[in-house]
$ cat final_5.txt   # compact mmCIF, C-alpha atoms and all ligand atoms
# COMPACT_ATOMS: atom_id res chain seq x y z
CA PRO A 1 -246.51 -37.86 25.49
CA VAL A 2 -244.38 -34.69 25.23
CA SER A 3 -240.78 -35.69 24.56
CA SER A 4 -237.71 -33.83 23.45
CA GLN A 5 -238.07 -35.39 20.01
CA THR A 6 -238.59 -32.91 17.22
CA ARG A 7 -242.18 -31.72 17.16
CA THR A 8 -243.77 -29.34 14.75
CA ILE A 9 -244.26 -25.76 15.84
CA GLN A 10 -247.87 -24.67 15.84
CA LEU A 11 -249.63 -21.40 16.48
CA LEU A 12 -251.68 -21.56 19.66
CA SER A 13 -255.41 -21.07 19.43
CA ASP A 14 -256.79 -17.75 20.69
CA THR A 15 -258.52 -19.54 23.54
CA LEU A 16 -255.31 -21.17 24.69
CA ILE A 17 -253.40 -17.88 24.35
CA SER A 18 -255.97 -16.23 26.60
CA GLN A 19 -255.86 -19.07 29.11
CA ILE A 20 -252.08 -18.78 29.31
CA ALA A 21 -252.29 -15.01 29.74
CA ALA A 22 -254.99 -15.50 32.37
CA GLY A 23 -252.44 -17.30 34.52
CA GLU A 24 -250.62 -14.00 34.95
CA VAL A 25 -253.56 -11.64 35.23
CA VAL A 26 -256.16 -13.68 37.11
CA GLU A 27 -254.40 -16.15 39.36
CA ARG A 28 -257.19 -16.13 41.96
CA PRO A 29 -260.58 -14.52 42.65
CA SER A 30 -259.07 -11.41 44.22
CA ALA A 31 -257.21 -10.72 40.97
CA VAL A 32 -260.54 -10.71 39.14
CA VAL A 33 -261.96 -8.34 41.75
CA LYS A 34 -258.96 -6.05 41.26
CA GLU A 35 -259.35 -5.92 37.47
CA LEU A 36 -263.10 -5.28 37.64
CA LEU A 37 -262.74 -2.58 40.29
CA GLU A 38 -260.01 -0.87 38.30
CA ASN A 39 -262.25 -0.82 35.24
CA ALA A 40 -265.05 0.73 37.29
CA VAL A 41 -262.68 3.38 38.68
CA ASP A 42 -261.37 4.14 35.17
CA ALA A 43 -265.00 4.53 34.03
CA GLY A 44 -265.46 7.37 36.54
CA ALA A 45 -267.88 5.48 38.82
CA THR A 46 -268.93 7.06 42.12
CA GLN A 47 -270.59 3.90 43.39
CA ILE A 48 -269.31 0.35 43.06
CA ASP A 49 -271.02 -2.78 44.37
CA ILE A 50 -269.20 -6.08 44.70
CA ARG A 51 -271.06 -9.35 45.25
CA LEU A 52 -269.12 -12.51 45.99
CA GLU A 53 -270.25 -16.08 46.44
CA ASN A 54 -268.06 -18.78 47.97
CA GLY A 55 -265.04 -16.51 48.25
CA GLY A 56 -265.51 -15.40 44.65
CA ILE A 57 -264.94 -18.91 43.30
CA LYS A 58 -268.62 -19.40 42.50
CA ARG A 59 -269.44 -15.84 41.60
CA ILE A 60 -267.94 -12.36 41.39
CA ALA A 61 -270.31 -9.61 40.31
CA VAL A 62 -269.19 -5.99 40.12
CA SER A 63 -271.52 -3.21 39.10
CA ASP A 64 -270.74 0.48 38.73
CA ASN A 65 -272.44 3.73 37.74
CA GLY A 66 -269.62 4.82 35.44
CA CYS A 67 -269.70 5.91 31.80
CA GLY A 68 -270.78 2.52 30.44
CA ILE A 69 -269.85 0.81 27.17
CA ALA A 70 -271.69 1.48 23.90
CA PRO A 71 -273.48 -1.63 22.56
CA ASP A 72 -271.33 -1.82 19.43
CA GLN A 73 -268.23 -1.96 21.67
CA LEU A 74 -269.32 -4.71 24.03
CA GLN A 75 -267.81 -7.47 21.98
CA LEU A 76 -264.52 -5.56 21.68
CA ALA A 77 -264.39 -5.10 25.44
CA LEU A 78 -264.11 -8.89 25.72
CA THR A 79 -261.46 -9.13 23.01
CA ARG A 80 -257.77 -9.43 23.83
CA HIS A 81 -255.57 -6.41 23.21
CA ALA A 82 -258.58 -4.16 22.80
CA THR A 83 -258.66 -1.07 24.99
CA SER A 84 -260.14 2.42 24.96
CA LYS A 85 -257.39 3.72 27.25
CA ILE A 86 -254.30 4.02 25.09
CA ALA A 87 -253.74 4.27 21.35
CA SER A 88 -250.04 5.01 20.97
CA LEU A 89 -246.63 4.54 22.56
CA ASN A 90 -246.83 8.12 23.76
CA ASP A 91 -250.11 7.33 25.56
CA LEU A 92 -248.48 4.27 27.12
CA GLU A 93 -245.63 6.36 28.46
CA ASN A 94 -248.04 8.87 29.99
CA VAL A 95 -250.75 6.52 31.11
CA SER A 96 -253.02 7.89 33.83
CA THR A 97 -255.67 5.15 33.93
CA LEU A 98 -255.32 2.02 36.04
CA GLY A 99 -255.84 -0.25 33.01
CA PHE A 100 -254.30 -0.05 29.56
CA ARG A 101 -253.36 -3.59 28.49
CA GLY A 102 -256.78 -4.52 27.15
CA GLU A 103 -256.39 -8.00 28.52
CA ALA A 104 -258.35 -8.39 31.71
CA LEU A 105 -261.88 -9.04 30.49
CA ALA A 106 -260.69 -11.39 27.73
CA SER A 107 -258.52 -13.30 30.19
CA ILE A 108 -261.31 -13.59 32.73
CA ALA A 109 -263.73 -14.72 30.02
CA SER A 110 -261.32 -17.49 29.03
CA VAL A 111 -261.38 -19.04 32.51
CA ALA A 112 -264.95 -18.34 33.65
CA GLU A 113 -268.48 -17.71 32.39
CA VAL A 114 -268.71 -13.96 31.95
CA THR A 115 -271.76 -11.81 31.33
CA LEU A 116 -271.12 -8.17 30.51
CA GLN A 117 -273.99 -5.72 30.74
CA SER A 118 -273.77 -2.00 30.13
CA ARG A 119 -275.68 1.15 29.41
CA THR A 120 -274.31 4.54 28.41
CA SER A 121 -276.22 7.77 28.94
CA GLU A 122 -277.21 7.70 25.23
CA GLN A 123 -278.95 4.33 25.45
CA PRO A 124 -282.62 3.93 26.44
CA HIS A 125 -281.83 0.56 28.06
CA ALA A 126 -278.91 -1.74 28.76
CA TRP A 127 -277.37 -4.43 26.52
CA GLN A 128 -275.87 -7.73 27.48
CA ILE A 129 -273.32 -10.05 25.93
CA ARG A 130 -272.04 -13.43 27.10
CA GLY A 131 -268.34 -14.14 26.90
CA ASN A 132 -268.72 -17.74 25.76
CA ASP A 133 -271.44 -17.14 23.19
CA PRO A 134 -269.78 -17.91 19.84
CA SER A 135 -272.32 -15.78 17.94
CA LYS A 136 -271.70 -12.82 20.29
CA THR A 137 -275.38 -11.91 20.31
CA LEU A 138 -276.37 -8.66 21.99
CA THR A 139 -279.48 -8.94 24.12
CA PRO A 140 -281.44 -5.87 25.25
CA CYS A 141 -282.20 -5.80 28.97
CA SER A 142 -283.21 -3.38 31.69
CA GLY A 143 -280.46 -1.63 33.61
CA VAL A 144 -279.36 1.78 34.80
CA LYS A 145 -276.41 3.71 33.42
CA GLY A 146 -273.13 1.94 34.07
CA THR A 147 -271.65 -1.50 33.76
CA ALA A 148 -272.18 -4.83 35.47
CA VAL A 149 -269.81 -7.75 35.02
CA ASP A 150 -270.83 -11.15 36.28
CA VAL A 151 -268.15 -13.82 36.58
CA HIS A 152 -269.40 -17.36 37.29
CA GLU A 153 -267.53 -20.54 38.15
CA LEU A 154 -263.97 -19.32 38.00
CA TYR A 155 -261.62 -21.97 36.56
CA ALA A 156 -264.45 -24.47 36.01
CA ASN A 157 -262.90 -25.24 32.61
CA THR A 158 -259.31 -25.31 33.92
CA PRO A 159 -259.50 -27.77 36.84
CA ALA A 160 -255.74 -27.85 37.34
CA ARG A 161 -255.83 -24.21 38.28
CA ARG A 162 -258.95 -24.50 40.38
CA LYS A 163 -257.12 -26.97 42.58
CA PHE A 164 -254.69 -24.25 43.62
CA LEU A 165 -257.40 -22.13 45.18
CA LYS A 166 -257.46 -21.99 48.97
CA SER A 167 -260.49 -22.18 51.22
CA GLU A 168 -263.50 -20.01 50.57
CA GLN A 169 -262.68 -17.89 53.62
CA THR A 170 -259.07 -17.34 52.52
CA GLU A 171 -260.09 -16.34 49.02
CA TYR A 172 -262.74 -14.03 50.46
CA GLY A 173 -260.07 -12.44 52.69
CA HIS A 174 -257.89 -11.66 49.67
CA CYS A 175 -260.87 -10.15 47.83
CA ALA A 176 -261.79 -7.97 50.83
CA GLU A 177 -258.20 -6.72 51.04
CA ILE A 178 -258.31 -5.68 47.37
CA VAL A 179 -261.50 -3.71 48.06
CA ARG A 180 -259.81 -1.98 51.03
CA ARG A 181 -256.74 -1.12 48.94
CA ILE A 182 -258.75 0.48 46.20
CA ALA A 183 -261.16 2.17 48.62
CA LEU A 184 -258.22 3.75 50.48
CA ALA A 185 -257.07 5.33 47.24
CA ARG A 186 -260.52 6.62 46.19
CA PRO A 187 -262.30 8.09 49.20
CA GLY A 188 -264.79 9.79 46.89
CA ILE A 189 -266.25 6.47 45.69
CA ARG A 190 -268.89 4.54 47.66
CA PHE A 191 -268.22 0.81 47.93
CA THR A 192 -270.46 -2.02 49.08
CA LEU A 193 -269.04 -5.51 49.49
CA MET A 194 -271.31 -8.53 49.93
CA HIS A 195 -270.35 -12.10 50.59
CA ASN A 196 -272.87 -14.95 50.34
CA GLY A 197 -275.77 -12.50 50.49
CA LYS A 198 -274.56 -10.48 53.51
CA VAL A 199 -273.06 -7.00 53.46
CA THR A 200 -269.53 -7.40 54.83
CA ALA A 201 -268.13 -3.91 54.20
CA GLN A 202 -269.61 -0.56 53.31
CA TYR A 203 -267.61 2.59 52.69
CA GLN A 204 -269.46 5.87 52.23
CA ALA A 205 -268.11 8.66 50.07
CA ASP A 206 -265.79 10.47 52.46
CA ASN A 207 -262.64 12.42 52.82
CA LEU A 208 -259.41 10.52 53.27
CA SER A 209 -259.19 10.63 57.03
CA GLN A 210 -262.78 9.43 57.46
CA ARG A 211 -262.13 6.57 55.07
CA CYS A 212 -258.93 5.79 56.91
CA ASN A 213 -260.92 5.58 60.18
CA GLN A 214 -263.49 3.32 58.56
CA ILE A 215 -261.07 0.91 57.02
CA LEU A 216 -258.14 0.88 59.41
CA GLY A 217 -260.06 1.59 62.61
CA GLU A 218 -260.36 4.66 64.79
CA ALA A 219 -257.70 3.64 67.31
CA PHE A 220 -255.26 2.99 64.53
CA SER A 221 -256.00 6.29 62.86
CA GLN A 222 -255.26 8.21 66.06
CA SER A 223 -251.64 7.11 66.02
CA LEU A 224 -251.04 8.51 62.57
CA LEU A 225 -249.06 11.61 61.65
CA PRO A 226 -250.17 13.52 58.58
CA VAL A 227 -247.82 13.78 55.62
CA ASP A 228 -248.13 16.58 53.10
CA LEU A 229 -244.90 17.46 51.37
CA ALA A 230 -243.82 18.45 47.91
CA ALA A 231 -240.58 19.16 46.09
CA GLY A 232 -239.68 20.43 42.65
CA GLU A 233 -241.62 22.40 40.10
CA ASP A 234 -243.80 21.52 37.12
CA SER A 235 -242.78 18.24 35.52
CA ASP A 236 -240.14 17.67 38.22
CA ARG A 237 -242.69 17.97 40.96
CA LEU A 238 -242.97 15.19 43.50
CA SER A 239 -245.61 15.16 46.19
CA LEU A 240 -246.11 12.83 49.10
CA THR A 241 -249.33 12.91 51.12
CA GLY A 242 -251.12 10.58 53.50
CA PHE A 243 -250.31 9.31 56.97
CA ILE A 244 -247.50 7.51 58.73
CA GLY A 245 -247.83 5.67 62.03
CA LEU A 246 -246.00 6.64 65.20
CA PRO A 247 -243.30 4.12 66.08
CA THR A 248 -245.57 2.91 68.91
CA ALA A 249 -248.16 1.85 66.31
CA SER A 250 -245.69 -0.43 64.53
CA ARG A 251 -246.62 -4.05 63.97
CA THR A 252 -245.05 -7.48 63.87
CA ARG A 253 -246.10 -7.83 60.24
CA GLY A 254 -246.04 -5.51 57.26
CA ASP A 255 -249.79 -5.82 56.85
CA MET A 256 -250.68 -2.15 57.23
CA GLN A 257 -248.44 -0.67 54.59
CA TYR A 258 -250.28 1.01 51.80
CA PHE A 259 -248.26 2.83 49.17
CA TYR A 260 -249.82 4.36 46.07
CA VAL A 261 -248.10 5.83 43.05
CA ASN A 262 -250.41 8.09 41.06
CA GLY A 263 -253.42 6.39 42.64
CA ARG A 264 -252.21 2.84 41.98
CA PHE A 265 -251.42 0.50 44.88
CA VAL A 266 -247.88 -0.81 44.49
CA ARG A 267 -245.46 -3.03 46.36
CA ASP A 268 -242.12 -1.66 45.41
CA ARG A 269 -238.76 -2.46 47.00
CA LEU A 270 -237.39 1.01 46.48
CA LEU A 271 -240.35 2.68 48.19
CA THR A 272 -240.52 0.15 51.02
CA HIS A 273 -236.82 0.58 51.59
CA ALA A 274 -236.99 4.37 51.66
CA VAL A 275 -239.73 4.33 54.31
CA ARG A 276 -238.02 1.60 56.32
CA ALA A 277 -234.74 3.54 56.28
CA ALA A 278 -236.49 6.64 57.62
CA TYR A 279 -237.80 4.61 60.55
CA GLU A 280 -234.43 3.01 61.26
CA ASP A 281 -233.59 5.14 64.31
CA VAL A 282 -237.02 4.92 65.92
CA LEU A 283 -238.04 1.31 65.27
CA HIS A 284 -236.28 -1.55 66.94
CA GLY A 285 -236.28 -5.26 66.35
CA ASN A 286 -238.53 -6.84 63.79
CA ARG A 287 -241.19 -4.16 63.87
CA TYR A 288 -242.93 -2.93 60.73
CA PRO A 289 -244.03 0.68 60.36
CA VAL A 290 -247.61 1.36 59.32
CA TYR A 291 -248.32 3.87 56.60
CA LEU A 292 -250.74 5.07 54.01
CA LEU A 293 -248.79 7.10 51.48
CA TYR A 294 -249.61 8.63 48.13
CA LEU A 295 -246.78 9.60 45.83
CA LYS A 296 -247.67 11.74 42.85
CA LEU A 297 -245.39 12.53 39.94
CA GLU A 298 -245.47 13.02 36.18
CA PRO A 299 -246.73 9.74 34.70
CA SER A 300 -243.81 9.72 32.26
CA ARG A 301 -241.39 9.39 35.20
CA VAL A 302 -242.69 5.98 36.17
CA ASP A 303 -243.07 2.85 34.08
CA VAL A 304 -246.14 0.90 35.21
CA ASN A 305 -245.85 -1.64 32.42
CA VAL A 306 -243.31 -3.97 34.04
CA HIS A 307 -245.71 -6.51 35.52
CA PRO A 308 -249.01 -7.89 34.16
CA ALA A 309 -250.82 -7.09 37.40
CA LYS A 310 -249.00 -3.71 37.49
CA ILE A 311 -248.14 -4.06 41.18
CA GLU A 312 -244.48 -3.34 40.50
CA VAL A 313 -243.28 -0.13 38.94
CA ARG A 314 -239.99 1.27 37.76
CA PHE A 315 -238.90 4.85 38.29
CA ARG A 316 -236.81 6.74 35.78
CA ASP A 317 -234.96 8.63 38.53
CA SER A 318 -235.12 6.19 41.39
CA ARG A 319 -232.43 7.89 43.46
CA ALA A 320 -234.29 11.19 43.57
CA ILE A 321 -237.52 9.40 44.56
CA HIS A 322 -235.78 7.43 47.31
CA GLN A 323 -234.19 10.59 48.72
CA PHE A 324 -237.43 12.52 48.64
CA ILE A 325 -239.37 9.86 50.51
CA TYR A 326 -236.59 9.14 52.98
CA HIS A 327 -236.10 12.82 53.84
CA SER A 328 -239.81 13.60 53.98
CA ILE A 329 -240.55 10.84 56.46
CA SER A 330 -237.40 11.28 58.54
CA ARG A 331 -238.28 14.93 59.04
CA ILE A 332 -241.81 14.14 60.24
CA LEU A 333 -240.63 11.40 62.57
CA ALA A 334 -237.92 13.64 64.02
CA ARG A 335 -240.45 16.12 65.38
CA PRO A 336 -243.89 14.61 65.20
CA MET A 337 -245.71 17.24 67.24
CA GLU A 338 -244.48 20.40 65.55
CA PRO A 339 -246.28 21.95 62.63
CA GLU A 340 -244.53 21.23 59.37
CA PRO A 341 -242.87 24.27 57.82
CA GLU A 342 -242.60 22.46 54.48
CA THR A 343 -246.34 21.87 54.27
CA THR A 344 -247.56 22.77 50.84
CA GLY A 345 -251.00 23.67 52.09
CA GLU A 346 -252.72 21.73 49.31
P1 LIG A 401 -258.19 -2.29 29.92
O1 LIG A 401 -258.81 -1.90 31.23
O2 LIG A 401 -256.73 -2.56 30.04
O3 LIG A 401 -258.52 -1.36 28.80
P2 LIG A 401 -260.05 -4.52 30.04
O4 LIG A 401 -260.04 -5.87 29.39
O5 LIG A 401 -260.06 -4.48 31.51
O6 LIG A 401 -258.81 -3.73 29.48
O7 LIG A 401 -261.30 -3.71 29.48
C1 LIG A 401 -261.43 -3.52 28.06
C2 LIG A 401 -262.22 -2.25 27.75
O8 LIG A 401 -263.58 -2.43 28.15
C3 LIG A 401 -261.74 -1.03 28.50
O9 LIG A 401 -260.71 -0.37 27.79
C4 LIG A 401 -263.03 -0.19 28.56
O10 LIG A 401 -263.20 0.56 27.38
C5 LIG A 401 -264.12 -1.22 28.62
N1 LIG A 401 -264.59 -1.45 30.00
C6 LIG A 401 -264.31 -2.50 30.80
N2 LIG A 401 -264.92 -2.40 32.00
C7 LIG A 401 -265.61 -1.25 31.98
C8 LIG A 401 -266.47 -0.55 32.92
N3 LIG A 401 -266.72 -1.05 34.14
N4 LIG A 401 -267.04 0.62 32.52
C9 LIG A 401 -266.78 1.14 31.29
N5 LIG A 401 -266.00 0.53 30.37
C10 LIG A 401 -265.42 -0.63 30.70
MG MG A 402 -259.00 -3.19 32.84

$ encode --input "final_5.txt" --output "structure tokens"
Amino acid sequence: PVSSQTRTIQLLSDTLISQIAAGEVVERPSAVVKELLENAVDAGATQIDIRLENGGIKRIAVSDNGCGIAPDQLQLALTRHATSKIASLNDLENVSTLGFRGEALASIASVAEVTLQSRTSEQPHAWQIRGNDPSKTLTPCSGVKGTAVDVHELYANTPARRKFLKSEQTEYGHCAEIVRRIALARPGIRFTLMHNGKVTAQYQADNLSQRCNQILGEAFSQSLLPVDLAAGEDSDRLSLTGFIGLPTASRTRGDMQYFYVNGRFVRDRLLTHAVRAAYEDVLHGNRYPVYLLYLKLEPSRVDVNVHPAKIEVRFRDSRAIHQFIYHSISRILARPMEPEPETTGE
């Protein structure tokens, strides 16, 4: 019935606003997993358990042993544009947490049945709130310190979107990849992933190279060259650490390319290009280098608020960043077996 005839302009209801926003933030189960894991990481958790049913479509449950949420804040946690992570424009420009938009839980709760349970160290027991309970009643329950979010029946109330989901196995695969991505950036956190009642991945608290072995495989890890370089001083400082693969370890797909900026996994054209360019002389044909790289810089030098899922970033001085990465990697590839004189020793 929608025509181009004049229609009155109406404010959208809060529910509809959230459902529209959810299209950007939670397009599939793995996006929910990403948001919940990021919240657990931001809460300082050292152990995170992820339980999925039917590829996450039926159920996604994430529990952590982080700082928890005070009972009087539980309702706010589910409210749009409510966050504990930033309070001002200055905070936004210097953001060091993975989240800051205050949108994820509200968006998820608008397209699924959400139960949020949490206990801080001050509370004698946990409290629970249900996302779709209009009276927002808090219920006391048993539970250890930390937070557990249970997401049931994703998109049950938005069938058009549910139709776009792929098979259970495909959705599970995307979820497992999100867990790997985050686990590769936080070797100090223990992760357990379960699918349909079976443990499918378990990462112990480790150092980076152990975690790299666990997730990417021992054989793969043996073809990696360490990267540990830095340039500049103080607020100009750039550092690049991690591993790059020997040209012989290159692949026919870009599926083993992990790049992190200040601990956040990103897919960025500038960064991909800089690495690719460094490999130009040693990689032939349609081969893709493998790498696991961590770039660190002053948070104010990178804008992470350009994409709702924050997978794209924008650098203030992109040329300098490109040069630094290109030169760092070229140098290592040029003489892979020699010790690096530029090593910072950190
Ligand atoms: P954002 O992460 O952008 O702040 P979210 O909607 O993801 O927005 O979460 C809203 C708020 O709920 C967070 O700012 C945080 O205070 C709280 N929160 C969510 N998940 C957790 C968690 N696992 N542990 C502790 N606090 C949490
Ligand atoms: Mg969040």

$ residues_around --input "final_5.txt" --residues "stretch 140-148 of chain A" --least-positions-apart "6" --cutoff "6 Å" --atoms "all atoms listed in the file" --output "PyMOL selection string"
chain A and resi 62-68+117-120+125-127

$ residues_near_ligand --input "final_5.txt" --ligand "ligand LIG 401 (chain A)" --cutoff "9 Å" --atoms "all atoms listed in the file" --output "PDB file with C-alpha atoms, keeping the file's coordinate frame"
ATOM      1  CA  GLU A  35    -259.350  -5.920  37.470  1.00  0.00           C
ATOM      2  CA  LEU A  36    -263.100  -5.280  37.640  1.00  0.00           C
ATOM      3  CA  LEU A  37    -262.740  -2.580  40.290  1.00  0.00           C
ATOM      4  CA  GLU A  38    -260.010  -0.870  38.300  1.00  0.00           C
ATOM      5  CA  ASN A  39    -262.250  -0.820  35.240  1.00  0.00           C
ATOM      6  CA  ALA A  40    -265.050   0.730  37.290  1.00  0.00           C
ATOM      7  CA  VAL A  41    -262.680   3.380  38.680  1.00  0.00           C
ATOM      8  CA  ASP A  42    -261.370   4.140  35.170  1.00  0.00           C
ATOM      9  CA  ALA A  43    -265.000   4.530  34.030  1.00  0.00           C
ATOM     10  CA  GLY A  44    -265.460   7.370  36.540  1.00  0.00           C
ATOM     11  CA  ALA A  45    -267.880   5.480  38.820  1.00  0.00           C
ATOM     12  CA  VAL A  62    -269.190  -5.990  40.120  1.00  0.00           C
ATOM     13  CA  SER A  63    -271.520  -3.210  39.100  1.00  0.00           C
ATOM     14  CA  ASP A  64    -270.740   0.480  38.730  1.00  0.00           C
ATOM     15  CA  ASN A  65    -272.440   3.730  37.740  1.00  0.00           C
ATOM     16  CA  GLY A  66    -269.620   4.820  35.440  1.00  0.00           C
ATOM     17  CA  CYS A  67    -269.700   5.910  31.800  1.00  0.00           C
ATOM     18  CA  GLY A  68    -270.780   2.520  30.440  1.00  0.00           C
ATOM     19  CA  ILE A  69    -269.850   0.810  27.170  1.00  0.00           C
ATOM     20  CA  ALA A  70    -271.690   1.480  23.900  1.00  0.00           C
ATOM     21  CA  GLN A  73    -268.230  -1.960  21.670  1.00  0.00           C
ATOM     22  CA  LEU A  74    -269.320  -4.710  24.030  1.00  0.00           C
ATOM     23  CA  LEU A  76    -264.520  -5.560  21.680  1.00  0.00           C
ATOM     24  CA  ALA A  77    -264.390  -5.100  25.440  1.00  0.00           C
ATOM     25  CA  LEU A  78    -264.110  -8.890  25.720  1.00  0.00           C
ATOM     26  CA  THR A  79    -261.460  -9.130  23.010  1.00  0.00           C
ATOM     27  CA  ARG A  80    -257.770  -9.430  23.830  1.00  0.00           C
ATOM     28  CA  HIS A  81    -255.570  -6.410  23.210  1.00  0.00           C
ATOM     29  CA  ALA A  82    -258.580  -4.160  22.800  1.00  0.00           C
ATOM     30  CA  THR A  83    -258.660  -1.070  24.990  1.00  0.00           C
ATOM     31  CA  SER A  84    -260.140   2.420  24.960  1.00  0.00           C
ATOM     32  CA  LYS A  85    -257.390   3.720  27.250  1.00  0.00           C
ATOM     33  CA  ILE A  86    -254.300   4.020  25.090  1.00  0.00           C
ATOM     34  CA  THR A  97    -255.670   5.150  33.930  1.00  0.00           C
ATOM     35  CA  LEU A  98    -255.320   2.020  36.040  1.00  0.00           C
ATOM     36  CA  GLY A  99    -255.840  -0.250  33.010  1.00  0.00           C
ATOM     37  CA  PHE A 100    -254.300  -0.050  29.560  1.00  0.00           C
ATOM     38  CA  ARG A 101    -253.360  -3.590  28.490  1.00  0.00           C
ATOM     39  CA  GLY A 102    -256.780  -4.520  27.150  1.00  0.00           C
ATOM     40  CA  GLU A 103    -256.390  -8.000  28.520  1.00  0.00           C
ATOM     41  CA  ALA A 104    -258.350  -8.390  31.710  1.00  0.00           C
ATOM     42  CA  LEU A 105    -261.880  -9.040  30.490  1.00  0.00           C
ATOM     43  CA  ALA A 106    -260.690 -11.390  27.730  1.00  0.00           C
ATOM     44  CA  SER A 107    -258.520 -13.300  30.190  1.00  0.00           C
ATOM     45  CA  ILE A 108    -261.310 -13.590  32.730  1.00  0.00           C
ATOM     46  CA  LEU A 116    -271.120  -8.170  30.510  1.00  0.00           C
ATOM     47  CA  SER A 118    -273.770  -2.000  30.130  1.00  0.00           C
ATOM     48  CA  THR A 120    -274.310   4.540  28.410  1.00  0.00           C
ATOM     49  CA  GLY A 146    -273.130   1.940  34.070  1.00  0.00           C
ATOM     50  CA  THR A 147    -271.650  -1.500  33.760  1.00  0.00           C
ATOM     51  CA  ALA A 148    -272.180  -4.830  35.470  1.00  0.00           C
ATOM     52  CA  VAL A 149    -269.810  -7.750  35.020  1.00  0.00           C
TER      53      VAL A 149
END

$ atom_distance --input "final_5.txt" --atom1 "atom CA of A:Ser209" --atom2 "atom CA of A:Ala249"
16.9 Å

$ residues_around --input "final_5.txt" --residues "stretch 200-207 of chain A" --least-positions-apart "5" --cutoff "7 Å" --atoms "only C-alpha atoms" --output "MDAnalysis selection string"
chainID A and resid 187:195

$ atom_distance --input "final_5.txt" --atom1 "atom CA of A:Ala176" --atom2 "atom CA of A:Asn196"
13.1 Å

$ closest_residue --input "final_5.txt" --among "A:Ala21, A:Met256, A:Leu271, A:Ala160" --to "A:Ser221" --atoms "only C-alpha atoms"
A:Met256

$ residues_around --input "final_5.txt" --residues "A:Ala277" --least-positions-apart "4" --cutoff "12 Å" --atoms "all atoms listed in the file" --output "ChimeraX atom specification"
/A:269-273,281-284,288-289,322-323,325-330,333

$ atom_distance --input "final_5.txt" --atom1 "atom CA of A:Gly254" --atom2 "atom CA of A:Arg181"
14.2 Å

$ closest_residue --input "final_5.txt" --among "A:Ala309, A:Val227, A:Leu293, A:Leu238" --to "ligand MG 402 (chain A)" --atoms "all atoms listed in the file"
A:Ala309

$ residues_around --input "final_5.txt" --residues "A:Asn262" --least-positions-apart "5" --cutoff "10 Å" --atoms "all atoms listed in the file" --output "list in words"
Ser96, Thr97, Leu98, Ala185, Ser239, Tyr294, Leu295, Lys296, Leu297, Glu298, Pro299 and Val302 of chain A

$ decode --input "final_5.txt" --residues "stretch 277-289 of chain A" --atoms "C-alpha atoms" --output "PDB file, in the first residue's frame"
ATOM      1  CA  ALA A 277      52.713  -4.490  -1.257  1.00  0.00           C
ATOM      2  CA  ALA A 278      55.490  -5.719   1.034  1.00  0.00           C
ATOM      3  CA  TYR A 279      54.982  -9.257  -0.284  1.00  0.00           C
ATOM      4  CA  GLU A 280      54.900  -8.140  -3.915  1.00  0.00           C
ATOM      5  CA  ASP A 281      58.419  -9.319  -4.789  1.00  0.00           C
ATOM      6  CA  VAL A 282      58.184 -12.675  -3.043  1.00  0.00           C
ATOM      7  CA  LEU A 283      54.619 -13.790  -3.816  1.00  0.00           C
ATOM      8  CA  HIS A 284      53.580 -14.718  -7.298  1.00  0.00           C
ATOM      9  CA  GLY A 285      50.242 -15.282  -8.921  1.00  0.00           C
ATOM     10  CA  ASN A 286      47.058 -15.186  -6.921  1.00  0.00           C
ATOM     11  CA  ARG A 287      48.610 -16.156  -3.619  1.00  0.00           C
ATOM     12  CA  TYR A 288      47.569 -14.564  -0.343  1.00  0.00           C
ATOM     13  CA  PRO A 289      50.056 -13.993   2.463  1.00  0.00           C
TER      14      PRO A 289
END
